[in-house]
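Participant: Input structure: entry01.cif, which contains mmCIF, C-alpha atoms and all ligand atoms.
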data_work
loop_
_atom_site.group_PDB
_atom_site.id
_atom_site.type_symbol
_atom_site.label_atom_id
_atom_site.label_comp_id
_atom_site.auth_asym_id
_atom_site.auth_seq_id
_atom_site.Cartn_x
_atom_site.Cartn_y
_atom_site.Cartn_z
ATOM 1 C CA MET M 13 148.116 82.949 110.069
ATOM 2 C CA LEU M 14 145.643 82.839 107.200
ATOM 3 C CA GLU M 15 145.972 79.744 105.052
ATOM 4 C CA ARG M 16 145.417 80.144 101.309
ATOM 5 C CA ASP M 17 142.489 77.748 101.388
ATOM 6 C CA ASP M 18 140.755 79.680 104.193
ATOM 7 C CA VAL M 19 139.571 82.314 101.717
ATOM 8 C CA GLY M 20 135.847 81.734 101.270
ATOM 9 C CA ALA M 21 135.965 78.481 103.223
ATOM 10 C CA ARG M 22 133.230 79.430 105.701
ATOM 11 C CA HIS M 23 130.668 80.450 103.053
ATOM 12 C CA PRO M 24 127.900 81.312 103.638
ATOM 13 C CA GLY M 25 128.256 81.346 107.465
ATOM 14 C CA VAL M 26 127.072 84.472 109.274
ATOM 15 C CA CYS M 27 125.883 87.084 106.761
ATOM 16 C CA LEU M 28 124.815 90.721 107.129
ATOM 17 C CA ILE M 29 122.555 92.317 104.498
ATOM 18 C CA THR M 30 121.281 95.912 104.451
ATOM 19 C CA GLY M 31 118.110 96.945 102.659
ATOM 20 C CA ALA M 32 117.035 93.381 103.386
ATOM 21 C CA ALA M 33 113.276 93.928 103.560
ATOM 22 C CA SER M 34 112.676 94.335 99.816
ATOM 23 C CA GLY M 35 113.905 93.646 96.281
ATOM 24 C CA ILE M 36 117.517 92.534 95.859
ATOM 25 C CA GLY M 37 118.198 92.490 99.613
ATOM 26 C CA ALA M 38 115.252 90.201 100.385
ATOM 27 C CA ALA M 39 116.119 87.906 97.467
ATOM 28 C CA THR M 40 119.696 87.707 98.766
ATOM 29 C CA ALA M 41 118.463 86.820 102.250
ATOM 30 C CA TRP M 42 116.409 83.940 100.778
ATOM 31 C CA ARG M 43 119.321 82.797 98.626
ATOM 32 C CA LEU M 44 121.871 82.751 101.449
ATOM 33 C CA ALA M 45 119.360 81.013 103.741
ATOM 34 C CA ASP M 46 118.795 78.367 101.054
ATOM 35 C CA ASP M 47 122.579 78.029 100.629
ATOM 36 C CA GLY M 48 122.832 77.079 104.315
ATOM 37 C CA ALA M 49 123.728 80.292 106.120
ATOM 38 C CA ARG M 50 124.192 79.796 109.858
ATOM 39 C CA ALA M 51 122.820 83.249 110.687
ATOM 40 C CA LEU M 52 121.421 86.263 108.856
ATOM 41 C CA VAL M 53 121.811 89.769 110.266
ATOM 42 C CA LEU M 54 119.150 91.737 108.390
ATOM 43 C CA VAL M 55 119.115 95.540 108.463
ATOM 44 C CA ASP M 56 116.332 97.745 107.070
ATOM 45 C CA ARG M 57 114.589 100.933 108.129
ATOM 46 C CA ASP M 58 111.206 99.388 107.278
ATOM 47 C CA GLY M 59 110.670 97.430 110.496
ATOM 48 C CA ASP M 60 107.302 95.919 109.525
ATOM 49 C CA ARG M 61 108.519 94.463 106.237
ATOM 50 C CA LEU M 62 111.708 93.271 107.933
ATOM 51 C CA GLN M 63 109.692 91.431 110.569
ATOM 52 C CA ALA M 64 107.482 89.860 107.865
ATOM 53 C CA LEU M 65 110.600 88.640 106.036
ATOM 54 C CA GLY M 66 112.092 87.288 109.258
ATOM 55 C CA ASP M 67 108.859 85.370 110.006
ATOM 56 C CA ALA M 68 108.846 83.885 106.499
ATOM 57 C CA LEU M 69 112.543 82.930 106.576
ATOM 58 C CA GLU M 70 112.411 81.081 109.902
ATOM 59 C CA ARG M 71 113.703 77.501 109.712
ATOM 60 C CA PRO M 72 115.649 75.065 111.883
ATOM 61 C CA GLY M 73 119.371 75.805 111.964
ATOM 62 C CA LEU M 74 119.074 79.439 110.868
ATOM 63 C CA GLU M 75 119.538 82.213 113.425
ATOM 64 C CA LEU M 76 118.041 85.609 112.611
ATOM 65 C CA PHE M 77 118.997 89.029 113.976
ATOM 66 C CA LEU M 78 116.576 91.690 112.718
ATOM 67 C CA CYS M 79 117.849 95.279 112.990
ATOM 68 C CA ALA M 80 115.128 97.833 112.181
ATOM 69 C CA GLN M 81 117.355 100.838 111.717
ATOM 70 C CA ASP M 82 118.510 103.388 109.204
ATOM 71 C CA VAL M 83 121.893 102.629 107.644
ATOM 72 C CA THR M 84 122.861 106.273 108.205
ATOM 73 C CA ASP M 85 122.473 105.900 111.983
ATOM 74 C CA GLU M 86 126.057 105.666 113.268
ATOM 75 C CA GLU M 87 125.028 104.730 116.810
ATOM 76 C CA GLY M 88 122.782 102.020 115.396
ATOM 77 C CA TRP M 89 125.887 100.440 113.844
ATOM 78 C CA ASP M 90 127.554 100.363 117.278
ATOM 79 C CA GLY M 91 124.566 98.265 118.401
ATOM 80 C CA VAL M 92 124.845 95.942 115.377
ATOM 81 C CA GLU M 93 128.585 95.456 115.988
ATOM 82 C CA HIS M 94 127.968 94.714 119.653
ATOM 83 C CA GLY M 95 125.164 92.242 118.864
ATOM 84 C CA VAL M 96 127.161 90.401 116.186
ATOM 85 C CA ARG M 97 130.240 90.105 118.417
ATOM 86 C CA HIS M 98 128.109 88.866 121.299
ATOM 87 C CA HIS M 99 126.303 86.163 119.297
ATOM 88 C CA TRP M 100 128.837 85.058 116.650
ATOM 89 C CA GLN M 101 132.118 86.893 117.352
ATOM 90 C CA GLY M 102 132.183 88.109 113.745
ATOM 91 C CA LEU M 103 130.786 87.877 110.210
ATOM 92 C CA ASP M 104 131.632 85.776 107.155
ATOM 93 C CA ALA M 105 129.765 87.872 104.573
ATOM 94 C CA VAL M 106 128.462 91.422 104.184
ATOM 95 C CA VAL M 107 126.111 92.742 101.489
ATOM 96 C CA VAL M 108 126.054 96.542 101.310
ATOM 97 C CA ASN M 109 122.737 96.902 99.530
ATOM 98 C CA ALA M 110 120.383 99.573 100.950
ATOM 99 C CA GLY M 111 119.897 102.341 98.428
ATOM 100 C CA VAL M 112 117.507 105.013 97.210
ATOM 101 C CA SER M 113 117.065 106.964 94.013
ATOM 102 C CA GLU M 114 115.858 110.467 93.107
ATOM 103 C CA SER M 115 115.453 111.765 89.598
ATOM 104 C CA GLY M 116 115.503 115.193 87.981
ATOM 105 C CA PRO M 117 117.925 117.206 85.848
ATOM 106 C CA ILE M 118 120.875 118.788 87.652
ATOM 107 C CA ALA M 119 119.549 122.297 87.008
ATOM 108 C CA GLU M 120 116.422 121.403 88.982
ATOM 109 C CA LEU M 121 117.924 119.133 91.635
ATOM 110 C CA SER M 122 117.671 120.500 95.170
ATOM 111 C CA LEU M 123 120.595 120.193 97.543
ATOM 112 C CA GLU M 124 118.191 118.436 99.891
ATOM 113 C CA ALA M 125 117.413 115.715 97.312
ATOM 114 C CA TRP M 126 121.127 115.383 96.466
ATOM 115 C CA ARG M 127 121.972 114.934 100.146
ATOM 116 C CA ARG M 128 119.112 112.456 100.679
ATOM 117 C CA VAL M 129 120.608 110.138 98.064
ATOM 118 C CA MET M 130 124.219 110.670 99.135
ATOM 119 C CA SER M 131 123.287 110.122 102.752
ATOM 120 C CA VAL M 132 121.766 106.660 102.201
ATOM 121 C CA ASN M 133 123.844 105.378 99.287
ATOM 122 C CA LEU M 134 127.264 106.790 100.208
ATOM 123 C CA ASP M 135 127.270 107.618 103.948
ATOM 124 C CA GLY M 136 125.138 104.540 104.677
ATOM 125 C CA GLY M 137 127.349 102.433 102.395
ATOM 126 C CA PHE M 138 130.439 103.684 104.204
ATOM 127 C CA LEU M 139 129.008 102.990 107.672
ATOM 128 C CA THR M 140 127.905 99.504 106.601
ATOM 129 C CA LEU M 141 131.269 98.666 105.087
ATOM 130 C CA ARG M 142 133.129 100.153 108.074
ATOM 131 C CA SER M 143 131.270 97.849 110.451
ATOM 132 C CA GLY M 144 131.731 95.046 107.920
ATOM 133 C CA MET M 145 135.508 95.506 107.760
ATOM 134 C CA ARG M 146 135.623 95.477 111.568
ATOM 135 C CA LEU M 147 133.484 92.352 111.866
ATOM 136 C CA LEU M 148 134.543 90.211 108.902
ATOM 137 C CA ARG M 149 136.623 87.223 109.894
ATOM 138 C CA ASP M 150 139.815 86.424 107.991
ATOM 139 C CA GLY M 151 138.820 84.962 104.627
ATOM 140 C CA GLY M 152 135.381 86.629 104.652
ATOM 141 C CA ALA M 153 133.840 88.607 101.797
ATOM 142 C CA ALA M 154 131.742 91.701 101.106
ATOM 143 C CA VAL M 155 129.685 92.760 98.097
ATOM 144 C CA VAL M 156 128.751 96.389 97.511
ATOM 145 C CA VAL M 157 125.616 96.807 95.400
ATOM 146 C CA SER M 158 126.408 99.669 93.037
ATOM 147 C CA SER M 159 124.667 100.138 89.670
ATOM 148 C CA ALA M 160 125.400 100.314 85.968
ATOM 149 C CA SER M 161 124.494 103.988 86.492
ATOM 150 C CA GLY M 162 127.800 104.272 88.337
ATOM 151 C CA VAL M 163 129.657 103.861 85.034
ATOM 152 C CA LYS M 164 127.142 104.909 82.352
ATOM 153 C CA ALA M 165 125.744 108.435 82.281
ATOM 154 C CA GLU M 166 122.043 109.053 81.744
ATOM 155 C CA ALA M 167 120.281 112.389 82.034
ATOM 156 C CA GLY M 168 118.272 112.997 85.187
ATOM 157 C CA ILE M 169 119.993 110.743 87.731
ATOM 158 C CA ALA M 170 122.999 112.810 88.834
ATOM 159 C CA ALA M 171 122.829 112.139 92.569
ATOM 160 C CA TYR M 172 122.136 108.427 92.149
ATOM 161 C CA ALA M 173 124.845 107.991 89.491
ATOM 162 C CA ALA M 174 127.460 109.931 91.466
ATOM 163 C CA SER M 175 126.701 107.939 94.626
ATOM 164 C CA LYS M 176 126.953 104.646 92.744
ATOM 165 C CA ALA M 177 130.262 105.650 91.121
ATOM 166 C CA ALA M 178 131.599 106.570 94.561
ATOM 167 C CA VAL M 179 130.724 103.221 96.140
ATOM 168 C CA ILE M 180 132.605 101.350 93.404
ATOM 169 C CA GLN M 181 135.766 103.144 94.501
ATOM 170 C CA LEU M 182 134.850 102.584 98.160
ATOM 171 C CA ALA M 183 134.702 98.843 97.415
ATOM 172 C CA LYS M 184 138.065 98.927 95.611
ATOM 173 C CA VAL M 185 139.822 100.685 98.489
ATOM 174 C CA ALA M 186 138.265 98.199 100.923
ATOM 175 C CA ALA M 187 139.484 95.366 98.674
ATOM 176 C CA LYS M 188 143.085 96.592 98.999
ATOM 177 C CA GLU M 189 142.725 97.049 102.741
ATOM 178 C CA GLY M 190 141.255 93.537 103.098
ATOM 179 C CA VAL M 191 144.096 91.749 101.301
ATOM 180 C CA PRO M 192 146.300 91.062 104.356
ATOM 181 C CA ARG M 193 143.414 89.188 106.017
ATOM 182 C CA GLY M 194 142.151 87.472 102.869
ATOM 183 C CA VAL M 195 138.971 89.580 103.034
ATOM 184 C CA ARG M 196 137.563 90.061 99.514
ATOM 185 C CA VAL M 197 135.422 93.050 98.526
ATOM 186 C CA ASN M 198 133.698 93.324 95.153
ATOM 187 C CA ALA M 199 131.099 95.649 93.671
ATOM 188 C CA ILE M 200 128.171 94.457 91.573
ATOM 189 C CA LEU M 201 126.643 96.786 88.971
ATOM 190 C CA PRO M 202 123.136 95.695 87.977
ATOM 191 C CA GLY M 203 121.234 97.308 85.141
ATOM 192 C CA GLY M 204 117.460 97.373 85.520
ATOM 193 C CA VAL M 205 116.052 94.968 88.105
ATOM 194 C CA GLU M 206 112.329 94.384 88.686
ATOM 195 C CA THR M 207 112.006 95.629 92.268
ATOM 196 C CA PRO M 208 109.738 97.983 94.233
ATOM 197 C CA MET M 209 112.406 100.710 93.937
ATOM 198 C CA TRP M 210 110.835 101.695 90.602
ATOM 199 C CA SER M 211 107.385 102.318 92.021
ATOM 200 C CA GLY M 212 108.820 105.350 93.825
ATOM 201 C CA MET M 213 109.454 107.064 90.481
ATOM 202 C CA ASP M 214 106.765 109.233 88.869
ATOM 203 C CA PHE M 215 107.568 108.267 85.283
ATOM 204 C CA PHE M 216 107.317 104.558 86.166
ATOM 205 C CA ARG M 217 103.954 104.981 87.886
ATOM 206 C CA ASP M 218 102.740 106.849 84.781
ATOM 207 C CA MET M 219 103.914 103.981 82.575
ATOM 208 C CA VAL M 220 102.184 101.397 84.768
ATOM 209 C CA ALA M 221 98.961 103.420 84.537
ATOM 210 C CA ALA M 222 99.287 103.684 80.747
ATOM 211 C CA LEU M 223 100.341 100.077 80.064
ATOM 212 C CA GLY M 224 98.203 98.325 82.666
ATOM 213 C CA SER M 225 100.825 96.461 84.722
ATOM 214 C CA GLU M 226 104.273 96.766 86.268
ATOM 215 C CA GLN M 227 105.525 93.897 84.110
ATOM 216 C CA ALA M 228 104.416 95.696 80.935
ATOM 217 C CA ALA M 229 106.204 98.840 82.124
ATOM 218 C CA PHE M 230 109.432 96.931 82.913
ATOM 219 C CA ASP M 231 109.291 95.194 79.526
ATOM 220 C CA ALA M 232 108.704 98.497 77.721
ATOM 221 C CA ILE M 233 111.700 100.208 79.363
ATOM 222 C CA ALA M 234 113.934 97.184 78.842
ATOM 223 C CA ALA M 235 112.999 97.029 75.162
ATOM 224 C CA HIS M 236 114.704 100.399 74.679
ATOM 225 C CA GLY M 237 118.331 100.349 75.839
ATOM 226 C CA THR M 238 118.796 96.890 77.347
ATOM 227 C CA PRO M 239 120.149 94.709 74.521
ATOM 228 C CA LEU M 240 118.929 91.439 76.045
ATOM 229 C CA GLY M 241 115.472 93.020 76.107
ATOM 230 C CA ARG M 242 114.537 92.281 79.698
ATOM 231 C CA TYR M 243 115.193 93.498 83.214
ATOM 232 C CA ALA M 244 116.664 91.080 85.736
ATOM 233 C CA LYS M 245 114.619 89.480 88.496
ATOM 234 C CA PRO M 246 115.985 90.201 91.991
ATOM 235 C CA GLU M 247 116.704 86.475 92.421
ATOM 236 C CA GLU M 248 119.195 86.618 89.524
ATOM 237 C CA ILE M 249 121.151 89.422 91.196
ATOM 238 C CA ALA M 250 120.975 87.509 94.491
ATOM 239 C CA GLY M 251 122.565 84.516 92.730
ATOM 240 C CA GLN M 252 125.372 86.707 91.392
ATOM 241 C CA ILE M 253 125.931 88.188 94.872
ATOM 242 C CA ALA M 254 126.033 84.654 96.311
ATOM 243 C CA PHE M 255 128.645 83.752 93.682
ATOM 244 C CA LEU M 256 130.823 86.755 94.593
ATOM 245 C CA LEU M 257 130.652 85.733 98.260
ATOM 246 C CA SER M 258 131.421 82.079 97.538
ATOM 247 C CA PRO M 259 134.680 80.147 97.165
ATOM 248 C CA ALA M 260 133.980 80.035 93.399
ATOM 249 C CA ALA M 261 134.987 83.730 93.363
ATOM 250 C CA ARG M 262 138.073 83.237 95.535
ATOM 251 C CA SER M 263 140.297 84.921 92.958
ATOM 252 C CA MET M 264 138.057 87.994 92.702
ATOM 253 C CA THR M 265 138.613 91.101 94.753
ATOM 254 C CA GLY M 266 138.219 94.752 93.798
ATOM 255 C CA ALA M 267 136.130 93.786 90.771
ATOM 256 C CA ALA M 268 133.203 95.813 89.467
ATOM 257 C CA LEU M 269 130.986 93.085 88.031
ATOM 258 C CA ILE M 270 128.516 94.438 85.481
ATOM 259 C CA VAL M 271 125.277 92.415 85.298
ATOM 260 C CA ASP M 272 123.095 94.599 83.100
ATOM 261 C CA GLY M 273 121.737 92.677 80.111
ATOM 262 C CA GLY M 274 124.195 94.608 77.937
ATOM 263 C CA TYR M 275 122.923 98.066 78.940
ATOM 264 C CA THR M 276 126.460 99.519 79.211
ATOM 265 C CA LEU M 277 127.674 98.035 75.909
HETATM 266 N N1 LIG G 301 116.150 97.965 91.016
HETATM 267 C C1 LIG G 301 117.073 98.319 90.125
HETATM 268 O O1 LIG G 301 116.794 98.480 88.928
HETATM 269 C C2 LIG G 301 118.511 98.510 90.589
HETATM 270 C C3 LIG G 301 119.506 98.594 89.615
HETATM 271 C C4 LIG G 301 120.834 98.780 90.011
HETATM 272 C C5 LIG G 301 121.141 98.853 91.352
HETATM 273 N N2 LIG G 301 120.148 98.767 92.279
HETATM 274 C C6 LIG G 301 120.543 98.884 93.675
HETATM 275 O O2 LIG G 301 120.153 97.742 94.384
HETATM 276 C C7 LIG G 301 119.982 98.075 95.765
HETATM 277 C C8 LIG G 301 118.659 97.504 96.252
HETATM 278 O O3 LIG G 301 117.622 98.136 95.530
HETATM 279 P P1 LIG G 301 116.220 97.443 95.209
HETATM 280 O O4 LIG G 301 115.989 97.648 93.768
HETATM 281 O O5 LIG G 301 116.169 96.092 95.787
HETATM 282 O O6 LIG G 301 115.261 98.474 95.976
HETATM 283 P P2 LIG G 301 114.027 98.301 96.977
HETATM 284 O O7 LIG G 301 113.457 99.659 97.086
HETATM 285 O O8 LIG G 301 113.180 97.160 96.571
HETATM 286 O O9 LIG G 301 114.754 97.900 98.348
HETATM 287 C C9 LIG G 301 115.573 98.784 99.041
HETATM 288 C C10 LIG G 301 115.461 98.471 100.527
HETATM 289 O O10 LIG G 301 116.374 99.357 101.194
HETATM 290 C C11 LIG G 301 115.733 99.886 102.340
HETATM 291 N N3 LIG G 301 116.331 101.166 102.662
HETATM 292 C C12 LIG G 301 116.323 102.288 101.907
HETATM 293 N N4 LIG G 301 116.944 103.277 102.551
HETATM 294 C C13 LIG G 301 117.367 102.768 103.728
HETATM 295 C C14 LIG G 301 118.062 103.304 104.831
HETATM 296 N N5 LIG G 301 118.437 104.600 104.858
HETATM 297 N N6 LIG G 301 118.342 102.503 105.880
HETATM 298 C C15 LIG G 301 117.945 101.211 105.883
HETATM 299 N N7 LIG G 301 117.262 100.653 104.875
HETATM 300 C C16 LIG G 301 116.980 101.412 103.805
HETATM 301 C C17 LIG G 301 114.271 100.020 101.953
HETATM 302 O O11 LIG G 301 113.430 100.095 103.100
HETATM 303 C C18 LIG G 301 114.067 98.764 101.112
HETATM 304 O O12 LIG G 301 113.652 97.693 101.917
HETATM 305 C C19 LIG G 301 120.067 99.610 95.860
HETATM 306 O O13 LIG G 301 121.358 99.976 96.313
HETATM 307 C C20 LIG G 301 119.878 100.033 94.412
HETATM 308 O O14 LIG G 301 120.477 101.264 94.136
HETATM 309 C C21 LIG G 301 118.837 98.582 91.933
#
Could you render the structure as structure tokens?
Ligand SMILES: NC(=O)c1ccc[n+]([C@@H]2O[C@H](COP(=O)([O-])OP(=O)(O)OC[C@H]3O[C@@H](n4cnc5c(N)ncnc54)[C@H](O)[C@@H]3O)[C@@H](O)[C@H]2O)c1

Facilitator:
Amino acid sequence: MLERDDVGARHPGVCLITGAASGIGAATAWRLADDGARALVLVDRDGDRLQALGDALERPGLELFLCAQDVTDEEGWDGVEHGVRHHWQGLDAVVVNAGVSESGPIAELSLEAWRRVMSVNLDGGFLTLRSGMRLLRDGGAAVVVSSASGVKAEAGIAAYAASKAAVIQLAKVAAKEGVPRGVRVNAILPGGVETPMWSGMDFFRDMVAALGSEQAAFDAIAAHGTPLGRYAKPEEIAGQIAFLLSPAARSMTGAALIVDGGYTL
């Protein structure tokens, strides 16, 4: 029987993070390691960067399980579930973070590009959360990394925005399903965050070339449309994810926490 005080009591414990090799995922891995995680299960399709992160994170008392796989690989998740059960019997925290973006107006968006985004952000998010709901111990917690684009429309990001809206609802349904076991599920909706995700976008690369540095490009975009005038650092989002996973957020489940410098105001 779950006791009321069991909710969040094992934080940070054994934590799984997808998209862990870069940006918000890597910052979250560092944060949870610094907070005293017992083990980190890190999933990313970029095996080299994942290995480099694992090497850098190594420290006494922290167990690492590096899974170089695509989040859309259903069989790969069977392997992750098996490995987690074998080593730790279950998980205390899950961060559903891997994501990709494509831009272009709807009239010019190919079905292939649409499916590429949906496949990673929605199918991959579902598979991650499905394994998470199977593995989370009573009183555990999950955070789904959505985006402010999931609630605020902008031209040119239809697939990304639709996928991010969908995962908010995925998180809310999971939150209801988790209630009997005290498992909390929340979504976080960042605005702009200074991560390598942007360097995949043509317009951003053009801005970097014109303005001379990535920081100048981030500052220029943030100056238009983000009331606080700056993009977040990945470490800030990692801190907010750590909060949502922690006992300090014990009364939060099914929330969609907007952390966007006022972008959606
Ligand atoms: N950067 C932003 O401005 C911003 C804003 C709002 C939300 N987000 C969301 O935050 C999350 C993390 O993004 P980021 O900015 O840190 O990006 P990033 O590109 O720095 O990191 C994403 C990581 O996910 C991995 N990945 C991508 N597709 C994968 C797949 N199919 N299987 C396994 N791994 C995969 C990549 O290899 C990479 O390591 C994403 O869901 C993104 O949509 C980012």

Participant: Give me, as a ChimeraX atom specification, all polymer residues having an atom no more than 8 Å from Leu74 in chain M, counting all atoms listed in the file and skipping those fewer than 6 positions away in the same chain.

Facilitator: /M:45,48-52

Participant: Could you state which residues are captured by the PyMOL selection byres (((not hetatm)) within 8 of (chain G and resi 301)) in this file, as number ranges by chain?

Facilitator: M: 30-38, 55-58, 61-62, 80-84, 108-113, 131-133, 136, 157-161, 172, 176, 201-210, 243, 246

Participant: Given the file above and the PyMOL selection byres (((chain M and resi 258) around 9) and not hetatm), which residues are selected, and can you give them as JSON, numbers by chain?

Facilitator: {"M": [20, 21, 22, 23, 24, 153, 253, 254, 255, 256, 257, 259, 260, 261, 262]}

Participant: So what do you get for CA of Val53 in chain M versus CA of Trp126 in chain M, distance-wise?

Facilitator: 29.1 Å

Participant: Here is a test: counting all atoms listed in the file, which residue of M:Met145, M:Val106, M:Ala177, M:Met213 is nearest to Arg193 in chain M?

Facilitator: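 Smallest separation from Arg193 in chain M among the options: M:Met145.
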
Participant: Identify which of the residues M:Cys27, M:Ala187, M:Leu76, M:Ile270 lies closest to Asp104 in chain M, counting only C-alpha atoms when measuring atom-to-atom distances.

Facilitator: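 Using only C-alpha atoms, the shortest distance to Asp104 in chain M belongs to M:Cys27.
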
Participant: So which one's closest to Gln252 in chain M, M:Leu78, M:Leu139, M:Ala199, M:Ile180? Using all atoms listed in the file, please.

Facilitator: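 Of all the options, M:Ala199 lies closest to Gln252 in chain M.
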
Participant: Of the candidates M:Leu141, M:Ile118, M:Val163, M:Val220, which one gets nearest to Glu189 in chain M if we count all atoms listed in the file?

Facilitator: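 Closest residue, counting all atoms listed in the file: M:Leu141.
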
Participant: What separation in Å, quoted to one decimal, exists between CA of Leu54 in chain M and CA of Phe77 in chain M?

Facilitator: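 Interatomic distance here is 6.2 Å.
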
Participant: For this structure, which residues satisfy the selection - the PyMOL selection byres (((chain M and resi 242) around 12) and not hetatm) - when it is evaluated on the file as given? I want them as a ChimeraX atom specification.

Facilitator: /M:203-206,227-241,243-245,272-275

Participant: Go ahead and save the picked residues with C-alpha atoms, as a compact mmCIF listing (two decimals), in the frame of the given file.

Facilitator:
# COMPACT_ATOMS: atom_id res chain seq x y z
CA GLY M 203 121.23 97.31 85.14
CA GLY M 204 117.46 97.37 85.52
CA VAL M 205 116.05 94.97 88.10
CA GLU M 206 112.33 94.38 88.69
CA GLN M 227 105.52 93.90 84.11
CA ALA M 228 104.42 95.70 80.94
CA ALA M 229 106.20 98.84 82.12
CA PHE M 230 109.43 96.93 82.91
CA ASP M 231 109.29 95.19 79.53
CA ALA M 232 108.70 98.50 77.72
CA ILE M 233 111.70 100.21 79.36
CA ALA M 234 113.93 97.18 78.84
CA ALA M 235 113.00 97.03 75.16
CA HIS M 236 114.70 100.40 74.68
CA GLY M 237 118.33 100.35 75.84
CA THR M 238 118.80 96.89 77.35
CA PRO M 239 120.15 94.71 74.52
CA LEU M 240 118.93 91.44 76.04
CA GLY M 241 115.47 93.02 76.11
CA TYR M 243 115.19 93.50 83.21
CA ALA M 244 116.66 91.08 85.74
CA LYS M 245 114.62 89.48 88.50
CA ASP M 272 123.10 94.60 83.10
CA GLY M 273 121.74 92.68 80.11
CA GLY M 274 124.20 94.61 77.94
CA TYR M 275 122.92 98.07 78.94

Participant: Please measure the separation of CA of Gln181 in chain M and CA of Ala268 in chain M, giving the value in Å to one decimal.

Facilitator: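 Those two atoms sit 9.3 Å apart.
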
Participant: May I ask which of the residues M:Val191, M:Ile249, M:Leu134, M:Phe215 is the closest one to Met264 in chain M, counting all atoms listed in the file?

Facilitator: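 Going through M:Val191, M:Ile249, M:Leu134, M:Phe215 one by one, the smallest distance to Met264 in chain M is for M:Val191.
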
Participant: Which one is closest to Ala154 in chain M: M:Leu103, M:Ala39, M:Leu69, M:Leu223? Count all atoms listed in the file.

Facilitator: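 Checking each of M:Leu103, M:Ala39, M:Leu69, M:Leu223 against Ala154 in chain M, counting all atoms listed in the file, the winner is M:Leu103.
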
Participant: Please define a box with edges along x, y and z of the file around all atoms of range 22-41 of chain M given in the file, extend it by 6 Å on each side, and return its centre and edge lengths in Å to one decimal, as lines of an AutoDock Vina configuration file.

Facilitator:
center_x = 123.0
center_y = 88.2
center_z = 102.6
size_x = 32.6
size_y = 29.5
size_z = 25.4
